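First comes the structure, then the notes that go with it.
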2 protein chains.
Amino acid sequence: MATIRDVAKRAGASVSAVSAVLNGGGTQSIRVGAETSARIRDVARQLGYRTNPVARSLVTGRSGAMGLVFPYSSAFIEDNTFSTSVISSVLTTAVNHRWNLMLHTATGDDWNAADSGELIDPRVDGLLLVMPTPHSPLISRCLRERFPCVALVYAPENDEIYAVNSNDHAGGYMATRHLIQLGHRRIAHLEGTPTVATSAPRRQGYRDALEEAGIEIDPSLIHRADFVRHGGYDAMKTLLERPTSQWPTAVFASNDLSAEGAIEAVLESGLRIPQDIAFVGYDDSWRAALLNPPLTSIKMPIYEMGVQATEMLIALIASKEITQRQPVLPISLSVRESCGAQALRS
Amino acid sequence: MATIRDVAKRAGASVSAVSAVLNGGGTQSIRVGAETSARIRDVARQLGYRTNPVARSLVTGRSGAMGLVFPYSSAFIEDNTFSTSVISSVLTTAVNHRWNLMLHTATGDDWNAADSGELIDPRVDGLLLVMPTPHSPLISRCLRERFPCVALVYAPENDEIYAVNSNDHAGGYMATRHLIQLGHRRIAHLEGTPTVATSAPRRQGYRDALEEAGIEIDPSLIHRADFVRHGGYDAMKTLLERPTSQWPTAVFASNDLSAEGAIEAVLESGLRIPQDIAFVGYDDSWRAALLNPPLTSIKMPIYEMGVQATEMLIALIASKEITQRQPVLPISLSVRESCGAQALRS
DNA sequence: TTGAAAGCGCTAACAA
DNA sequence: TTGTTAGCGCTTTCAA
């Protein structure tokens, strides 16, 4: 590979001239004449010269890359449109702004490896953390070391953290209120994993909607499904072991996957959806539309959130003023057949 | 950030000693005593010293990262389980081998930007190209510059290229033969985009299966669907505009998505699947099992292919002997209801 | 077993 | 408008 010195020598110019010409922008204290400039460009093309970004990075302290950190690498195979949307939005936005992307996962079961700080590394100018665990040491560390860092899908514990989130409480509330308005009073909730930050607010939204409607909260209607299919299945089986009179008439699941498992359990029992038990899920994944019956679900604007988080990180790295550190994007309800609203309408 | 010199000074040792201790492996011509070693480690911990990978990279010429190049960034949002599996397998394998991953896309409509060579860059030690366009200049370039490069899902034009692929011809053949064995003679094919390398062999497999069975190939039964949903829908609509007697009794689609669109068109016409028209798709995506009726499909071992490609690239970078440059992994058939085989069986 | 020092390719301050 | 030069933080050769 040709170096900057090769180009300089061959063009009869100095390295700084070459650097100035081939870099262009920046705080150059150097001005190069049109002729020299053209010569340099010419020679560079002849030699197939390409700037070595590693060397540049060492001296500037900037890499032009950001790190995208996923909680675990298997996040992708769980037919999870969430990861897909995140990758897609972040990558597209980064590329549009001419940034590179390094993909990381917090290996192991949690963020231990990541928390050790090995992700704070000059190969990236900042980090985008996807669904970090609550009270993530990595976030504190970034804050402490003044390393640019934005959390995506995260309920920040304090004002200093940069985070893009959607309103999970509103999601739980909207789902539950929708079912209440359809006439349901005995509404079950399939909870997510407690260590995942979205679980608690979704449940709280559920509770608040019930309370607002004057419906007493029945803790025996709340079961953990841990966001997975068989979790939903098992929880539903348990609910159906109760006396018939105590069966829920509706279920709000904390994600589509657990709803899917629960629906399977319901159908196995010969019950009909939504006539016997109505369902609302969360995520509005593409699976939701394909289920039988199609699943009503709360929609998180993941793609838009990814874009915002990426742009916020870029601004943060550029030390730009960030007007809103913790935007919360609105959720919405995708009504399909599983909740019974469409039958009522038609 | 503490540098290696800070550690050396504070530990009363030389930088080379610190380097040797904190690096460990490698071709060190230096041996450090246990005492000094312990002291260095101690000081490093106190100072929170972390090796600067950029500086190391500059001197060693190695980065410990590989680039994963997707054809376009929107590859992800097309609820494409393909991209998901690739990312998942590559990331997991890379992390297991302690490699980092940079994510790239060939911006624009094709590989132009990528082909300019800007991806061949010392920030990565090698490239993994996902579905590069046939005769990709980037591959030639890597070969010419002796830059490690492995193509994934690619039919290599010559022996020099490292590529992991599955047997698309066998896939097309297997799908079609399956339908023939079920008694079908008028089998349509929904073709993929010609510029995508998998399209031609799949179609050729289809043709060969027909020929082998002594069925004349009817070009009017072959329609482009371009791997997208509405492509399949439109193609099927066209096919159904023919006189009833010339309708295909079975369809082999070059991917599940186009099959899905075609199925929609068939159902809209009040026809039944598989009784009136049988279907076989390609990809065996998660959607396949959720469709109504569940779609019989050819399964490509994408995850396994991603693992192999990643490991091959790692071996290539390490200048290890590669016994098989162009492994072709076997496809298989996932039989569900859309082809009618299950009805016959029961 | 250790230390000194050259240099990876580049940027940017400074001098001309 | 241009050239010289001192590093960026590290690895590694060579000499002690």
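In the structure tokens, each chain is lettered A, B, ... as it comes, each chain's residues begin at 1, and ligands are numbered from 1 in order of appearance.
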Fill in: For DT1 (chain C): contacts at 10 Å, only C-alpha atoms (C1' of nucleotides), fewer than 4 positions along chain excluded, given as a ChimeraX atom specification
/B:17,30-33,36
Fill in: Contacts of Ser319 (chain B) at 12 Å (only C-alpha atoms (C1' of nucleotides); same-chain gap of 2+ positions) as an MDAnalysis selection string
chainID B and resid 125:126 146:148 312:317 321:322
May I have the residues from that selection written out with N, CA, C and O atoms, as a CSV table (one decimal), in the first residue's frame?
```csv
chain,number,residue,atom,x,y,z
B,125,ASP,N,-9.4,-6.9,9.1
B,125,ASP,CA,-8.4,-7.8,8.6
B,125,ASP,C,-9.0,-8.6,7.4
B,125,ASP,O,-8.2,-9.4,6.8
B,126,GLY,N,-10.3,-8.6,7.2
B,126,GLY,CA,-10.9,-9.3,6.1
B,126,GLY,C,-12.3,-9.0,5.9
B,126,GLY,O,-12.9,-8.2,6.8
B,146,ARG,N,-4.7,-9.2,-2.5
B,146,ARG,CA,-4.5,-10.3,-1.5
B,146,ARG,C,-5.1,-9.9,-0.1
B,146,ARG,O,-4.5,-10.1,0.9
B,147,PHE,N,-6.3,-9.4,-0.2
B,147,PHE,CA,-7.0,-9.0,1.0
B,147,PHE,C,-8.0,-10.2,1.3
B,147,PHE,O,-8.8,-10.5,0.5
B,148,PRO,N,-7.9,-10.7,2.5
B,148,PRO,CA,-8.8,-11.9,2.8
B,148,PRO,C,-10.2,-11.5,2.6
B,148,PRO,O,-10.7,-10.5,3.1
B,312,MET,N,-14.0,-19.7,8.0
B,312,MET,CA,-13.1,-19.7,6.9
B,312,MET,C,-12.3,-18.4,6.8
B,312,MET,O,-11.1,-18.4,6.6
B,313,LEU,N,-13.0,-17.3,7.0
B,313,LEU,CA,-12.3,-16.0,6.9
B,313,LEU,C,-11.3,-15.9,8.0
B,313,LEU,O,-10.1,-15.4,7.8
B,314,ILE,N,-11.6,-16.4,9.2
B,314,ILE,CA,-10.6,-16.3,10.3
B,314,ILE,C,-9.4,-17.2,9.9
B,314,ILE,O,-8.2,-16.7,10.2
B,315,ALA,N,-9.6,-18.3,9.4
B,315,ALA,CA,-8.5,-19.2,9.0
B,315,ALA,C,-7.7,-18.5,7.9
B,315,ALA,O,-6.4,-18.6,7.9
B,316,LEU,N,-8.4,-17.9,7.0
B,316,LEU,CA,-7.7,-17.2,5.8
B,316,LEU,C,-6.8,-16.1,6.3
B,316,LEU,O,-5.7,-16.0,5.9
B,317,ILE,N,-7.3,-15.3,7.3
B,317,ILE,CA,-6.6,-14.2,7.8
B,317,ILE,C,-5.3,-14.8,8.5
B,317,ILE,O,-4.2,-14.2,8.5
B,321,GLU,N,-4.1,-23.2,6.1
B,321,GLU,CA,-4.4,-24.0,4.9
B,321,GLU,C,-5.9,-24.2,4.9
B,321,GLU,O,-6.5,-24.6,5.9
B,322,ILE,N,-6.6,-23.8,3.8
B,322,ILE,CA,-8.0,-24.1,3.7
B,322,ILE,C,-8.2,-25.3,2.8
B,322,ILE,O,-7.9,-25.2,1.6
```
Mind listing as a compact mmCIF listing (two decimals) with C-alpha atoms (C1' of nucleotides), in the first residue's frame which residues of chain D are within 12 Å of chain A, counting only C-alpha atoms (C1' of nucleotides)?
```
# COMPACT_ATOMS: atom_id res chain seq x y z
C1' DT D 1 1.71 28.90 -0.27
C1' DT D 2 4.70 25.38 1.33
C1' DG D 3 8.00 22.22 4.17
C1' DT D 4 9.74 20.32 8.60
C1' DT D 5 8.81 18.02 12.48
C1' DA D 6 6.87 16.34 16.78
C1' DG D 7 4.12 13.33 18.32
C1' DC D 8 -0.53 9.86 18.72
C1' DG D 9 0.31 4.77 21.83
C1' DC D 10 1.95 0.88 20.78
```
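Backbone DSSP over region 52-172 of chain A gives strand (DSSP E or B) for Ala65, Met66, Gly67, Leu68, Val69, Phe70, Asn100, Leu101, Met102, Leu103, His104, Thr105, Gly126, Leu127, Leu128, Leu129, Val130, Cys149, Val150, Ala151, Leu152, Tyr162, Ala163, Val164, Asn165 and Ser166 of chain A.
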Discussion item. Show me, as an MDAnalysis selection string, the residues that have an atom within 6 Å of region 257-262 of chain A when counting only C-alpha atoms (C1' of nucleotides), minus same-chain residues fewer than 4 positions from it.
Written reply: chainID A and resid 227:230 232:233 236 253 281
Fill in: Residue list for chain A near chain B as a ChimeraX atom specification, 8 Å, only C-alpha atoms
/A:50,52-55,57-58,73-77,79,81,84-85,87-88,91-92,95,100-105,107,118,121-123,286-287,290-291
Worksheet item: Please, which residues of chain C lie no more than 12 Å from chain A when the count uses only C-alpha atoms (C1' of nucleotides), and can they be set out as a PyMOL selection string?
Response: chain C and resi 8-14
Hey, can you spit out that residue selection with C-alpha atoms (C1' of nucleotides) as a PDB file, in the first residue's frame?
```pdb
ATOM      1  C1'  DC C   8       3.744   2.058  12.062  1.00  0.00           C
ATOM      2  C1'  DG C   9       1.003   6.359   8.769  1.00  0.00           C
ATOM      3  C1'  DC C  10      -0.955  10.113   9.773  1.00  0.00           C
ATOM      4  C1'  DT C  11      -2.259  15.236  11.463  1.00  0.00           C
ATOM      5  C1'  DA C  12      -1.301  19.743  12.826  1.00  0.00           C
ATOM      6  C1'  DA C  13       1.533  23.166  14.907  1.00  0.00           C
ATOM      7  C1'  DC C  14       5.115  25.878  13.571  1.00  0.00           C
TER       8       DC C  14
END
```
Worksheet item: What gap, in Å, lies between CA of Thr238 (chain A) and CA of Glu211 (chain A)?
Response: 24.4 Å
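Candidate residues A:Asp276, A:Asp208, A:Glu160, A:Glu35 were compared for distance to Ser245 (chain A), and the nearest is A:Asp276, using only C-alpha atoms.
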Fill in: DSSP helix (DSSP H, G or I) selection over region 213-339 of chain A, as a PyMOL selection string
chain A and resi 219-221+229-240+244-246+256-268+286-290+302-317
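In this model, the gap between CA of Ala250 (chain B) and CA of Gln275 (chain B) comes to 9.6 Å.
For DA16 (chain D), the list of residues within 10 Å, based on only C-alpha atoms (C1' of nucleotides) and with local chain neighbours fewer than 4 positions off taken out, reads DT2, DG3 and DA4 of chain C.
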Fill in: Near-Thr176 (chain A) list (7 Å; only C-alpha atoms (C1' of nucleotides); drop same-chain fewer than 6 positions) as a list in words
Tyr206, Ala209 and Phe252 of chain A
